[in-house]
Amino acid sequence: MKKRVLAMLLCVAMTASMLLGCSAGSEGGDSDEESGSGSAGGTKEMEVEGDYTELEVWTFIELHQEFYTDMAEKWNEEHPDKQVKLVLSNMQYDDMHNKLSLALESGEGAPDVVDIELGKFPAFTNGKIGLMDLTDAIEPYKDNIIESRLSIYGKDGAYYGFPTHVGATVAFYNTEELEAAGVDYTTITTWDDFKEAGVKYHEATGKYFACVETTAQWMLNLMLTQKGGDYLDADGNIDITNDTMVEVLEYIKGMQETGAFETVPGGQPDNEEAYPSYNSGDYAVQIMPFWQTSRFTSYMTDLSGKIAIAPTPVWNEGDPIKSIGGGGTGTAVVADSENADLAAEVFAYIKLSEEANEEVWNVLGFDPVNTEVWTDTELTQNPDNKFVQFFNTYPFDTLLEIQDGIYALESLTSEKFPSINNEFCNVTLNNIFEEGMDVKEALEQSQETLKNEFGE
Amino acid sequence: MKKLFYSQKIAPYVFVLPFVLTVVFFWLFPIGNGVLLSFQDVLKDEWVGLDNYKRLLSDKIFLKAVYNSARYMIGTLILLIPLPMLFATLLNSKLMKKPGLFKSIYFIPALTSVVVAGTIFRLMFGEMDTSLANQVIGAFGLSPIKWLKNEWASYGVLLLLACWRWMGVNILYFLAGIQSISADLYEAASIDGANKWQQFTKITFPLVKPTTVYVLTISIYAGLSMFNESYMLWKGNNSPQNMGLTIVGYLYRQGIEKRAMGYACAVGLVLLIIVMIVNLIQLKATGTFDKEER
Amino acid sequence: MKSQKNKNRLATVMLIVLFAILAILTIIPIYTIFLASFKPGGDLLQYGLNLGIDWSRMSLDNYVLLFTGQHDYWRWFANSIVLTVVTVVATLLVSAFVGYGFSAYEFKGKNALFLIVLIILSIPLEVVMLPLYKQMTTWGLMDSYIAIVLPFVAHASTIFFFRQYLQGLPKSLLEAGRIDGATEYGIFFRLIMPIMKPAFAAMAILNGMNAWNNYLWPLLVIRSSSKYTLTLGLNTLINPYGDNYSLLVVGAFFSIIPIFILFICFQQYFIEGMTAGAVKE
C-alpha cells in the first residue's frame with residue numbers, strides 16, 4: 001500500500017513531464033487560427049519569418065489581440081527591416097492592472113506594451129511614472145486625432161497612451177420590441193421624452209425599457225456632463241453632494257419609480273450577465289458608448305437586424321452636449337522596456353495610422369479617433385462589414401450628427417477618479433437603486449468615505 | 001569541522017536549521033518589514049508615524065471589513081462545530097449502516113479548489129429566476145432573490161459555501177476524536193442507566209475537547225483570514241456595499257490594487273493582533289494553557 | 001424485547017434518511033457543474049447553474065473543445081501537476097527532517113523553537129503576504145515557482161505532524177543505529193524515513209491538496225501566463241469572449257477528477273492526513 005503511494009507520485013511526475021513536453025512542442029505553431037471561434041483564454045504568439053524583435057503585450061480584452069496581430073503583420077510587410085513579433089497575454093481585467101502596477105513598482109516582470117483601461121489610467125500617471133512619454137511617437141499622426149482622446153491619457157502635457165476609439169455615448173434601440181409596443185424612438189429628443197416612452201412601452205409590454213446602472217456610470221456621467229455637473233469642485237476637492245448630482249440621480253430614481261426602468265443582472269449593459277437579458281428582449285434600450293457595437297455582434301447575436309443607433313436624449317432641445325466619450329483603453333509602452341522606442345513606433349502605427357483607424361472600425365467596430373475616417377462612406381457603409389449588417393441604421397450617421405457635441409467628463413483624468421468610480425459602482429449606486437436609500441443620504445455617506453480616503 | 005558537523009551536539013541544530021531559516025527569512029523579516037512599512041506612505045516615500053493607524057480607526061470601509069470577517073468567523077463557528085460533532089456521534093452509532101460511504105461522500109467538496117467551488121456557488125445563486133437557488137425558493141412560492149446583492153442573503157451564501165466545503169472534514173475530525181474514546185466508558189454509563197443524550201453530554205462532549213479546541217483554532221484562523229471565497233463569489237474584490245469585503249480583501253485592495261503598501265501593512269498587522277488576541281482568549285477559555293503547563 | 005428491536009430499526013432508518021439527505025445536498029453542487037459541462041457555455045450566463053436537463057441542448061461539444069480545442073488548459077494542468085509534485089516532495093523531505101530533529105534530540109532552545117512552530121501554525125500567511133511579496137521582488141524571485149514553494153518547505157503544520165508521529169519512537173533504535181556506525185543523518189535517511197511512510201502518505205495528500213488548490217499567493221507571484229496554474233488559468237476564463245465559459249465549465253469539472261481519483265484510491269490516507277492534527281494533540 002505504501003509503495004503504491006510512491007509509485008503513484010512517480011507516475012504523476014512522469015505524466016507531468018510528458019504533458020509539459022507536449023505543450024512546449026506545440027507552442028510555436030498555433031497562432032494563426034486562434035482568431036476563429038474555438039479559442040479561449042491565454043497566450044497568443046505571432047509567427048514571423050526572418051529577423052524580428054519580440055514584444056510582449058498584455059491585454060484584458062481578447063478582441064484586441066486579434067486586432068494587434070493583424071496590424072503588426074501589416075507593419076512587418078511595410079517595414080521588413082524592423083519586423084516585430086508580438087507575444088500577447090490576455091488576463092482578467094483586475095488581475096492585469098494589479099500585475100502591471102506590481103511589475104512597474106518592482107521594475108521586474110512588466111511587458112513591453114500594455115493596454116490600460118481609462119478608469120485605471122490615473123493610477124499609473126501618478127508618483128513615479130513607469131510609462132514612456134509617447135508625445136514624439138504620436139507627432140506624425142497628431143493632426144487628425146481628436147485631442148480630447150489623447151489628453152485623457154496624458155499628464156502635464158505628456159501623452160502616455162495611444163487611444164483606441166472615441167467611445168461616443170449613443171442610444172441603442174431594439175426597434176422590433178419598440179414597434180410592437182407602438183413606440184417610435186425617432187421622436188425621442190429629451191430625457192422627458194425618453195422617460196415617457198419608457199412608461200408607454202412598459203404599459204404595453206410589461207417589460208423593461210432600459211436599465212438603471214448600479215455598477216457603471218455610462219448614463220449617469222452623460223446626464224451629469226450635459227447638466228454641467230461633475231464629481232469634483234473647482235479646486236479638485238471631492239464634491240459628490242452637489243445639487244446637479246442630486247438632481248440627476250433623483251431624476252434617474254424617478255425613472256426607476258415608474259417601473260419601466262429597473263436594475264439589470266450584472267448591473268450594467270456591458271456585462272456578461274446582462275447580455276442574455278438584452279439578447280432575449282427583456283430590456284429594449286441601452287445608453288452606451290459606441291464600442292458596445294462589438295458586444296452586440298459577439299454576445300447579443302439574436303438582435304441582428306433589430307437594433308437602431310441614435311443620438312442619446314438631452315435635457316432640453318438644442319443643448320450643445322450631445323454625447324460624451326466613455327470608457328477606453330490607452331495602449332502604453334513601459335519605459336524600462338529594452339525595446340521601448342521601437343514598441344512606441346510600432347504601436348503608434350498599430351493604433352493611430354489611417355489603416356489602423358479603418359481597421360478599428362472593420363475589426364473592432366469602434367468609432368476611430370481619426371475623424372477623417374468617419375466620412376469615408378465606402379468604409380462606413382461597406383455592405384460586407386459585419387457591423388453595418390448587424391445594425392439597421394448606418395452607425396456613422398449618428399456619429400456625424402453628434403460629432404461637434406462630443407464632450408468629456410472633467411474629472412475623468414483626476415487621480416481621484418478611480419476611487420470615486422469604485423465607491424459609486426460598489427456602494428453609492430447600489431444604495432440608491434437596489435436598497436432604495438435616499439439619494440442625498442447615499443451621497444453624503446459616500447462623500448464621507450471618500451473624504452477619509454483622500455485625507456480631505 | 002566535518003567531525004563537528006556529524007557530532008551529536010551539532011546535529012540537532014542542523015536538523016532544525018531549515019525551519020530556523022524559514023522563520024528568519026519568511027516570517028520575522030517580513031513581519032519586521034511590515035512594521036516598518038506600516039509607518040510609511042510608500043507611494044510618496046515618506047515616514048508618516050502613526051498616521052496609517054489613525055486613518056484605520058476612522059476608516060469605515062476597514063471597520064466594515066473587520067465586521068464582515070468577524071461575522072463570517074462567528075457564523076462558521078456556530079455552524080461548523082456543533083453540527084459536525086452531532087453528525088459524527090450519530091455516524092459512529094452502532095445503529096448506523098455504512099458510515100464509511102457517507103464519510104467519503106461528505107469529504108468530496110473539500111477536494112474542490114476555491115476557484116471551482118466559488119464559481120459553482122456564484123452561478124447556483126445567480127439572480128436570474130432559473131438559478132438553482134431561485135428555483136428552490138420558487139418551489140415554495142417565493143419570488144427570486146438577488147442573492148449576492150443582499151447583505152444577509154449573501155452572508156448566508158458565504159456560510160453555505162463554508163459548510164459545503166468543510167462540514168465533511170470537520171465530521172472526520174470529530175469522528176477521529178470520538179473513536180479514540182474507549183468503548184468501556186459508554187458501556188459502564190449505559191449499565192448505570194445513562195441514556196444516549198446523557199452519554200453524549202457527559203462522555204463524548206468532554207472527551208472530544210482536544211478535537212474541539214483544534215477545530216476551533218483552525219476555524220478562527222480560517223474565518224478571520226477568509227478572502228478567496230468572497231473573491232470568487234463576487235468575481236473580484238468588489239461587492240455591492242462592500243458586503244463581501246474581508247480584512248484580507250481590504251489588505252489586498254489597499255496593497256495591490258491601490259498600491260498603498262504602507263497602509264496595507266498596517267491592516268495586516270491589525271489582523272495579526274486580532275488573530276493573536278482571539279486565539280489567546282480561546283485557549284484561555286478552553287483551559288488549554290493549564291494542560292500545557294502541567 | 002421485540003419492540004426494542006423495532007425501535008432500533010426505526011432509528012437506523014431515520015439515521016440513514018438524515019445522512020442520505022445530507023449526502024444529496026453535498027453532491028448537488030458537483031452534479032450541477034457536471035450537468036452544465038454538457039450545456040453550451042452561454043447557458044451558464046443566461047440561466048445560472050441548475051438541475052434542468054434539456055436533451056436537445058446537451059452535447060459533448062465542451063469535451064471536444066477541452067480535448068481538441070486551442071487553449072492553454074492542458075498547459076495549466078501540467079503546470080499544476082509539476083508544481084504540486086515539487087511542493088509535496090520538497091515540503092515532505094524538509095519538514096520530516098526538521099520534525100525528526102524536534103523529536104529525536106534534546107537541545108538548547110528546543111522548547112522555544114517549538115513554541116514558534118505552534119505560533120506560526122496560528123498566523124495566517126496573509127499577514128506577511130505583502131512584505132514577503134516585496135522581499136521576493138528584491139531577491140529577483142518574482143514569476144518563478146521557487147517563490148511559491150520555497151517559503152513553505154519548512155511547513156509548520158507538517159513539521160508539527162511529523163514531530164508528533166515520531167514522538168513515540170524508541171530511543172533504542174537510534175542507539176542501535178549509532179552502534180552500527182551510522183551518522184546522525186544516516187540514521188534519519190536510512191532508518192527513520194522508511195518507517196515514516198504512512199506519515200508521508202498522509203502529509204503528501206494534505207500538502208498536495210493545498211498545492212493543487214492554492215490561489216492567492218501564486219496569483220501575486222506569477223506574471224507570465226505560460227506559468228499559470230489551473231486555478232489561475234480557470235479564473236482568466238471568467239470572461240465571455242469566444243468559448244471561454246464552455247471551457248470554464250468543463251475545465252472546472254475536469255479539474256476535480258484527478259484529485260477525486262486519488263481520493264478513491266487512497267481514501268484512508270486522505271482521512272488520516274486531514275485528521276492528523278486533531279487527534280494527536
# chains A, B, ... in the order shown; residues from 1 in each chain; ligands from 1
>>> interface_residues(of="chain A", to="chain B", cutoff="9 Å", atoms="only C-alpha atoms", output="PyMOL selection string")
chain A and resi 94-95+97-99+101-102+105+123+127-128+214-215+265-266+419+422-423+425-431+434-435+449+452-453+455
>>> residues_around(residues="Pro30 in chain B", least_positions_apart="5", cutoff="9 Å", atoms="only C-alpha atoms", output="PyMOL selection string")
(chain B and resi 24-25+35) or (chain C and resi 128-135)
>>> write_last_selection(atoms="C-alpha atoms", output="mmCIF file, in the first residue's frame")
data_model
loop_
_atom_site.group_PDB
_atom_site.id
_atom_site.type_symbol
_atom_site.label_atom_id
_atom_site.label_comp_id
_atom_site.auth_asym_id
_atom_site.auth_seq_id
_atom_site.Cartn_x
_atom_site.Cartn_y
_atom_site.Cartn_z
ATOM 1 C CA VAL B 24 14.009 34.282 9.904
ATOM 2 C CA PHE B 25 13.625 34.928 6.190
ATOM 3 C CA VAL B 35 6.002 47.006 10.849
ATOM 4 C CA VAL C 128 3.084 38.649 5.908
ATOM 5 C CA MET C 129 1.934 38.352 2.322
ATOM 6 C CA LEU C 130 2.720 41.885 1.179
ATOM 7 C CA PRO C 131 6.132 42.345 2.784
ATOM 8 C CA LEU C 132 7.055 38.828 1.702
ATOM 9 C CA TYR C 133 5.992 39.748 -1.784
ATOM 10 C CA LYS C 134 8.213 42.825 -1.691
ATOM 11 C CA GLN C 135 11.097 40.716 -0.495
#
>>> interface_residues(of="chain C", to="chain A", cutoff="8 Å", atoms="only C-alpha atoms", output="VMD selection string")
chain C and resid 45 to 46 65 69 to 72 74 to 75 78 to 79 81 to 82 85 134 137 to 138 142 to 143 197 to 198 201 220 223 to 226 233 235 to 244 247
>>> write_last_selection(atoms="C-alpha atoms", output="PDB file, in the first residue's frame")
ATOM      1  CA  LEU C  45     -24.652  33.167 -18.104  1.00  0.00           C
ATOM      2  CA  GLN C  46     -28.244  33.165 -19.135  1.00  0.00           C
ATOM      3  CA  LEU C  65     -13.270  21.637 -27.037  1.00  0.00           C
ATOM      4  CA  GLY C  69      -9.632  22.837 -28.982  1.00  0.00           C
ATOM      5  CA  GLN C  70      -6.960  25.506 -28.926  1.00  0.00           C
ATOM      6  CA  HIS C  71      -6.446  26.764 -25.452  1.00  0.00           C
ATOM      7  CA  ASP C  72      -3.967  26.695 -22.623  1.00  0.00           C
ATOM      8  CA  TRP C  74      -3.508  21.470 -20.589  1.00  0.00           C
ATOM      9  CA  ARG C  75      -0.537  23.697 -20.073  1.00  0.00           C
ATOM     10  CA  ALA C  78       0.657  20.323 -16.476  1.00  0.00           C
ATOM     11  CA  ASN C  79       1.968  23.343 -14.568  1.00  0.00           C
ATOM     12  CA  ILE C  81       0.878  18.900 -11.606  1.00  0.00           C
ATOM     13  CA  VAL C  82       4.544  19.889 -11.700  1.00  0.00           C
ATOM     14  CA  VAL C  85       4.669  17.300  -7.138  1.00  0.00           C
ATOM     15  CA  LYS C 134       8.213  42.825  -1.691  1.00  0.00           C
ATOM     16  CA  THR C 137      10.852  41.039  -5.700  1.00  0.00           C
ATOM     17  CA  THR C 138      14.122  42.338  -4.319  1.00  0.00           C
ATOM     18  CA  MET C 142       9.187  37.024  -8.983  1.00  0.00           C
ATOM     19  CA  ASP C 143       7.417  34.967 -11.579  1.00  0.00           C
ATOM     20  CA  LYS C 197       5.934   6.050   5.085  1.00  0.00           C
ATOM     21  CA  PRO C 198       2.359   6.172   6.403  1.00  0.00           C
ATOM     22  CA  ALA C 201       1.440   9.418   2.623  1.00  0.00           C
ATOM     23  CA  LEU C 220       0.623  37.530  -6.688  1.00  0.00           C
ATOM     24  CA  ARG C 223       3.197  37.038 -14.009  1.00  0.00           C
ATOM     25  CA  SER C 224       3.598  35.205 -17.288  1.00  0.00           C
ATOM     26  CA  SER C 225       0.540  33.349 -18.414  1.00  0.00           C
ATOM     27  CA  SER C 226       2.716  30.481 -19.609  1.00  0.00           C
ATOM     28  CA  GLY C 233      -5.957  29.835 -15.558  1.00  0.00           C
ATOM     29  CA  ASN C 235     -10.014  32.327 -13.306  1.00  0.00           C
ATOM     30  CA  THR C 236      -8.975  34.003 -16.559  1.00  0.00           C
ATOM     31  CA  LEU C 237     -11.815  32.183 -18.288  1.00  0.00           C
ATOM     32  CA  ILE C 238     -14.405  34.127 -16.326  1.00  0.00           C
ATOM     33  CA  ASN C 239     -14.823  36.324 -19.365  1.00  0.00           C
ATOM     34  CA  PRO C 240     -17.419  35.747 -22.042  1.00  0.00           C
ATOM     35  CA  TYR C 241     -15.169  36.035 -25.067  1.00  0.00           C
ATOM     36  CA  GLY C 242     -15.195  33.151 -27.526  1.00  0.00           C
ATOM     37  CA  ASP C 243     -15.753  29.819 -25.891  1.00  0.00           C
ATOM     38  CA  ASN C 244     -14.367  30.782 -22.522  1.00  0.00           C
ATOM     39  CA  LEU C 247     -14.067  25.744 -21.365  1.00  0.00           C
TER      40      LEU C 247
END
>>> interface_residues(of="chain C", to="chain B", cutoff="6 Å", atoms="only C-alpha atoms", output="tab-separated table (two decimals) with C-alpha atoms, in the first residue's frame")
chain	number	residue	atom	x	y	z
C	12	THR	CA	-31.49	3.11	11.77
C	47	TYR	CA	-29.68	30.65	-16.70
C	48	GLY	CA	-27.07	30.11	-13.99
C	49	LEU	CA	-26.48	26.62	-12.65
C	50	ASN	CA	-29.49	24.43	-12.10
C	97	PHE	CA	13.98	16.40	8.51
C	98	VAL	CA	13.03	19.19	10.88
C	101	GLY	CA	15.18	16.97	14.78
C	127	VAL	CA	-0.38	38.85	7.43
C	128	VAL	CA	3.08	38.65	5.91
C	131	PRO	CA	6.13	42.34	2.78
C	132	LEU	CA	7.06	38.83	1.70
C	151	PRO	CA	8.85	29.90	1.82
C	154	ALA	CA	9.63	24.00	6.27
C	213	ASN	CA	-5.86	24.33	-4.96
C	252	ALA	CA	-13.68	23.25	-13.72
C	256	ILE	CA	-11.84	17.82	-9.78
C	275	THR	CA	-7.45	14.44	10.85
C	278	ALA	CA	-6.99	16.76	15.60
C	279	VAL	CA	-6.36	13.51	17.43
>>> closest_residue(among="A:Leu399, A:Thr329, A:Lys120, A:Lys440", to="Val248 in chain A", atoms="only C-alpha atoms")
A:Lys440
>>> residues_around(residues="Pro218 in chain C", least_positions_apart="2", cutoff="10 Å", atoms="only C-alpha atoms", output="VMD selection string")
chain C and resid 143 to 145 147 to 149 211 214 to 216 220 to 223 227 to 229 231 to 232
>>> residues_around(residues="range 191-201 of chain A", least_positions_apart="2", cutoff="8 Å", atoms="only C-alpha atoms", output="JSON, numbers by chain")
{"A": [178, 181, 182, 183, 187, 188, 189, 203, 204, 205, 206, 207, 208, 209, 210, 255, 258, 259, 260, 261, 313, 314, 315]}
>>> residues_around(residues="range 73-78 of chain A", least_positions_apart="4", cutoff="12 Å", atoms="only C-alpha atoms", output="PyMOL selection string")
chain A and resi 32+46-53+66-69+82-86+342-343+345-351+353+355-356+359
>>> atom_distance(atom1="CA of Met219 in chain A", atom2="CA of Ile287 in chain A")
6.1 Å
>>> select_by_dssp(residues="range 197-403 of chain A", states="strand (DSSP E or B)", output="ChimeraX atom specification")
/A:208-211,232,238,261-262,283-289,307-310,314,323-325,329-334,370,391
>>> residues_around(residues="Phe121 in chain A", least_positions_apart="2", cutoff="9 Å", atoms="only C-alpha atoms", output="list in words")
Ile116, Glu117, Leu118, Gly119, Ala123, Phe124, Thr125, Ile152, Tyr153, Gly161, Thr329, Gly330, Thr413, Glu415 and Pro418 of chain A
>>> atom_distance(atom1="CA of Thr244 in chain A", atom2="CA of Asp184 in chain A")
29.8 Å
>>> residues_around(residues="Gly52 in chain C", least_positions_apart="5", cutoff="12 Å", atoms="only C-alpha atoms", output="PyMOL selection string")
(chain B and resi 130-132+135) or (chain C and resi 31-36+38-39+43-44+47+57-58)
>>> write_last_selection(atoms="N, CA and C atoms", output="short mmCIF file (atom, residue, chain, number, x, y, z; two decimals), in the first residue's frame")
data_model
loop_
_atom_site.label_atom_id
_atom_site.label_comp_id
_atom_site.auth_asym_id
_atom_site.auth_seq_id
_atom_site.Cartn_x
_atom_site.Cartn_y
_atom_site.Cartn_z
N THR B 130 -33.87 31.39 -13.03
CA THR B 130 -33.61 29.99 -13.38
C THR B 130 -32.42 29.42 -12.62
N SER B 131 -31.80 30.21 -11.77
CA SER B 131 -30.68 29.66 -11.00
C SER B 131 -31.25 28.70 -9.97
N LEU B 132 -30.44 27.74 -9.58
CA LEU B 132 -30.92 26.68 -8.69
C LEU B 132 -31.56 27.25 -7.42
N GLN B 135 -34.87 28.70 -8.10
CA GLN B 135 -35.85 27.66 -8.41
C GLN B 135 -36.34 27.00 -7.12
N TYR C 31 -22.98 17.99 -8.99
CA TYR C 31 -23.86 17.46 -10.03
C TYR C 31 -24.27 18.58 -11.00
N THR C 32 -24.55 19.77 -10.48
CA THR C 32 -24.95 20.86 -11.37
C THR C 32 -23.82 21.21 -12.35
N ILE C 33 -22.59 21.19 -11.87
CA ILE C 33 -21.50 21.55 -12.80
C ILE C 33 -21.24 20.41 -13.76
N PHE C 34 -21.50 19.19 -13.31
CA PHE C 34 -21.40 18.04 -14.20
C PHE C 34 -22.42 18.18 -15.33
N LEU C 35 -23.66 18.49 -14.97
CA LEU C 35 -24.69 18.70 -15.99
C LEU C 35 -24.30 19.84 -16.92
N ALA C 36 -23.84 20.93 -16.30
CA ALA C 36 -23.50 22.12 -17.10
C ALA C 36 -22.39 21.83 -18.09
N PHE C 38 -22.21 19.67 -20.08
CA PHE C 38 -22.78 19.21 -21.36
C PHE C 38 -23.62 20.29 -22.03
N LYS C 39 -23.76 21.45 -21.36
CA LYS C 39 -24.58 22.51 -21.94
C LYS C 39 -23.69 23.57 -22.57
N ASP C 43 -25.22 29.27 -21.78
CA ASP C 43 -26.37 28.99 -20.91
C ASP C 43 -26.07 29.32 -19.47
N LEU C 44 -24.81 29.15 -19.13
CA LEU C 44 -24.37 29.40 -17.77
C LEU C 44 -24.69 30.84 -17.38
N TYR C 47 -28.80 31.34 -17.65
CA TYR C 47 -29.68 30.65 -16.70
C TYR C 47 -29.05 30.35 -15.35
N ARG C 57 -30.38 20.48 -25.91
CA ARG C 57 -29.29 21.44 -25.81
C ARG C 57 -28.00 20.81 -25.30
N MET C 58 -28.08 19.55 -24.93
CA MET C 58 -26.89 18.94 -24.34
C MET C 58 -26.06 18.21 -25.39
#
>>> atom_distance(atom1="CA of Phe396 in chain A", atom2="CA of Ile324 in chain A")
15.7 Å
>>> select_by_dssp(residues="range 131-273 of chain C", states="helix (DSSP H, G or I)", output="mmCIF file with C-alpha atoms, in the first residue's frame")
data_model
loop_
_atom_site.group_PDB
_atom_site.id
_atom_site.type_symbol
_atom_site.label_atom_id
_atom_site.label_comp_id
_atom_site.auth_asym_id
_atom_site.auth_seq_id
_atom_site.Cartn_x
_atom_site.Cartn_y
_atom_site.Cartn_z
ATOM 1 C CA PRO C 131 6.132 42.345 2.784
ATOM 2 C CA LEU C 132 7.055 38.828 1.702
ATOM 3 C CA TYR C 133 5.992 39.748 -1.784
ATOM 4 C CA LYS C 134 8.213 42.825 -1.691
ATOM 5 C CA GLN C 135 11.097 40.716 -0.495
ATOM 6 C CA MET C 136 10.641 38.179 -3.266
ATOM 7 C CA THR C 137 10.852 41.039 -5.700
ATOM 8 C CA THR C 138 14.122 42.338 -4.319
ATOM 9 C CA TYR C 145 7.882 28.649 -8.924
ATOM 10 C CA ILE C 146 10.686 28.919 -6.380
ATOM 11 C CA ALA C 147 8.883 31.860 -4.823
ATOM 12 C CA ILE C 148 5.749 29.748 -4.479
ATOM 13 C CA VAL C 149 7.464 26.721 -2.969
ATOM 14 C CA LEU C 150 10.472 27.928 -1.013
ATOM 15 C CA PRO C 151 8.846 29.899 1.822
ATOM 16 C CA PHE C 152 6.750 26.899 2.784
ATOM 17 C CA ALA C 156 4.807 24.471 10.401
ATOM 18 C CA SER C 157 1.827 22.144 10.472
ATOM 19 C CA THR C 158 3.662 19.429 8.568
ATOM 20 C CA ILE C 159 6.621 19.682 10.936
ATOM 21 C CA PHE C 160 4.212 19.503 13.818
ATOM 22 C CA PHE C 161 2.593 16.381 12.428
ATOM 23 C CA PHE C 162 5.903 14.593 11.819
ATOM 24 C CA ARG C 163 7.177 15.521 15.245
ATOM 25 C CA GLN C 164 4.049 14.068 16.850
ATOM 26 C CA TYR C 165 4.328 10.987 14.689
ATOM 27 C CA LEU C 166 7.940 10.382 15.695
ATOM 28 C CA GLN C 167 7.379 11.210 19.348
ATOM 29 C CA LYS C 171 15.365 5.883 21.543
ATOM 30 C CA SER C 172 16.979 2.447 21.451
ATOM 31 C CA LEU C 173 16.521 2.449 17.709
ATOM 32 C CA LEU C 174 18.773 5.479 17.404
ATOM 33 C CA GLU C 175 21.350 3.958 19.695
ATOM 34 C CA ALA C 176 21.347 0.770 17.671
ATOM 35 C CA GLY C 177 21.940 2.806 14.564
ATOM 36 C CA ARG C 178 24.826 4.669 16.160
ATOM 37 C CA ILE C 179 26.444 1.428 17.305
ATOM 38 C CA GLU C 184 23.218 11.188 12.735
ATOM 39 C CA TYR C 185 21.925 11.986 9.263
ATOM 40 C CA GLY C 186 22.351 8.419 8.082
ATOM 41 C CA ILE C 187 20.060 7.342 10.886
ATOM 42 C CA PHE C 188 17.364 9.687 9.627
ATOM 43 C CA PHE C 189 17.686 8.805 5.968
ATOM 44 C CA ARG C 190 18.229 5.035 6.334
ATOM 45 C CA LEU C 191 16.391 4.068 9.495
ATOM 46 C CA ILE C 192 13.741 6.655 10.147
ATOM 47 C CA MET C 193 12.445 7.644 6.733
ATOM 48 C CA PRO C 194 11.445 4.109 5.804
ATOM 49 C CA ILE C 195 9.290 3.737 8.889
ATOM 50 C CA LYS C 197 5.934 6.050 5.085
ATOM 51 C CA PRO C 198 2.359 6.172 6.403
ATOM 52 C CA ALA C 199 3.009 9.640 7.766
ATOM 53 C CA PHE C 200 4.483 10.679 4.428
ATOM 54 C CA ALA C 201 1.440 9.418 2.623
ATOM 55 C CA ALA C 202 -0.930 11.360 4.834
ATOM 56 C CA MET C 203 1.064 14.568 4.559
ATOM 57 C CA ALA C 204 1.641 14.101 0.839
ATOM 58 C CA ILE C 205 -2.064 14.164 0.330
ATOM 59 C CA LEU C 206 -2.718 17.099 2.622
ATOM 60 C CA ASN C 207 0.061 19.202 1.111
ATOM 61 C CA GLY C 208 -0.805 18.020 -2.369
ATOM 62 C CA MET C 209 -4.384 19.171 -1.995
ATOM 63 C CA ASN C 210 -3.263 22.544 -0.726
ATOM 64 C CA ALA C 211 -0.780 22.976 -3.552
ATOM 65 C CA TRP C 212 -3.249 21.889 -6.220
ATOM 66 C CA ASN C 213 -5.859 24.335 -4.963
ATOM 67 C CA LEU C 216 -3.804 33.812 -3.718
ATOM 68 C CA TRP C 217 -0.036 33.507 -3.372
ATOM 69 C CA PRO C 218 0.530 32.213 -6.926
ATOM 70 C CA LEU C 219 -1.776 34.982 -8.147
ATOM 71 C CA LEU C 220 0.623 37.530 -6.688
ATOM 72 C CA VAL C 221 3.833 35.808 -7.645
ATOM 73 C CA SER C 225 0.540 33.349 -18.414
ATOM 74 C CA SER C 226 2.716 30.481 -19.609
ATOM 75 C CA LYS C 227 3.366 29.708 -15.945
ATOM 76 C CA LEU C 230 -5.006 25.565 -13.140
ATOM 77 C CA THR C 231 -6.642 27.779 -10.536
ATOM 78 C CA LEU C 232 -5.139 30.934 -12.033
ATOM 79 C CA GLY C 233 -5.957 29.835 -15.558
ATOM 80 C CA LEU C 234 -9.543 28.919 -14.822
ATOM 81 C CA ASN C 235 -10.014 32.327 -13.306
ATOM 82 C CA THR C 236 -8.975 34.003 -16.559
ATOM 83 C CA ASN C 244 -14.367 30.782 -22.522
ATOM 84 C CA TYR C 245 -17.378 29.780 -20.486
ATOM 85 C CA SER C 246 -17.660 26.439 -22.239
ATOM 86 C CA LEU C 247 -14.067 25.744 -21.365
ATOM 87 C CA LEU C 248 -14.531 27.089 -17.853
ATOM 88 C CA VAL C 249 -17.404 24.808 -17.022
ATOM 89 C CA VAL C 250 -15.901 21.660 -18.467
ATOM 90 C CA GLY C 251 -12.431 22.581 -17.224
ATOM 91 C CA ALA C 252 -13.679 23.252 -13.717
ATOM 92 C CA PHE C 253 -15.444 19.920 -13.630
ATOM 93 C CA PHE C 254 -12.463 18.149 -15.084
ATOM 94 C CA SER C 255 -10.072 19.688 -12.574
ATOM 95 C CA ILE C 256 -11.837 17.818 -9.775
ATOM 96 C CA ILE C 257 -11.368 14.438 -11.441
ATOM 97 C CA PRO C 258 -7.658 13.697 -10.865
ATOM 98 C CA ILE C 259 -7.808 14.549 -7.225
ATOM 99 C CA PHE C 260 -11.056 12.627 -6.936
ATOM 100 C CA ILE C 261 -9.472 9.502 -8.408
ATOM 101 C CA LEU C 262 -6.576 9.827 -5.982
ATOM 102 C CA PHE C 263 -9.087 10.194 -3.188
ATOM 103 C CA ILE C 264 -10.924 6.999 -4.165
ATOM 104 C CA CYS C 265 -7.640 5.049 -4.301
ATOM 105 C CA GLN C 267 -9.030 7.419 0.939
ATOM 106 C CA GLN C 268 -7.501 6.195 4.151
ATOM 107 C CA TYR C 269 -4.502 8.476 3.754
ATOM 108 C CA PHE C 270 -6.637 11.459 2.923
ATOM 109 C CA ILE C 271 -8.617 10.987 6.068
ATOM 110 C CA GLU C 272 -5.524 10.347 8.173
ATOM 111 C CA GLY C 273 -3.823 13.376 6.718
#
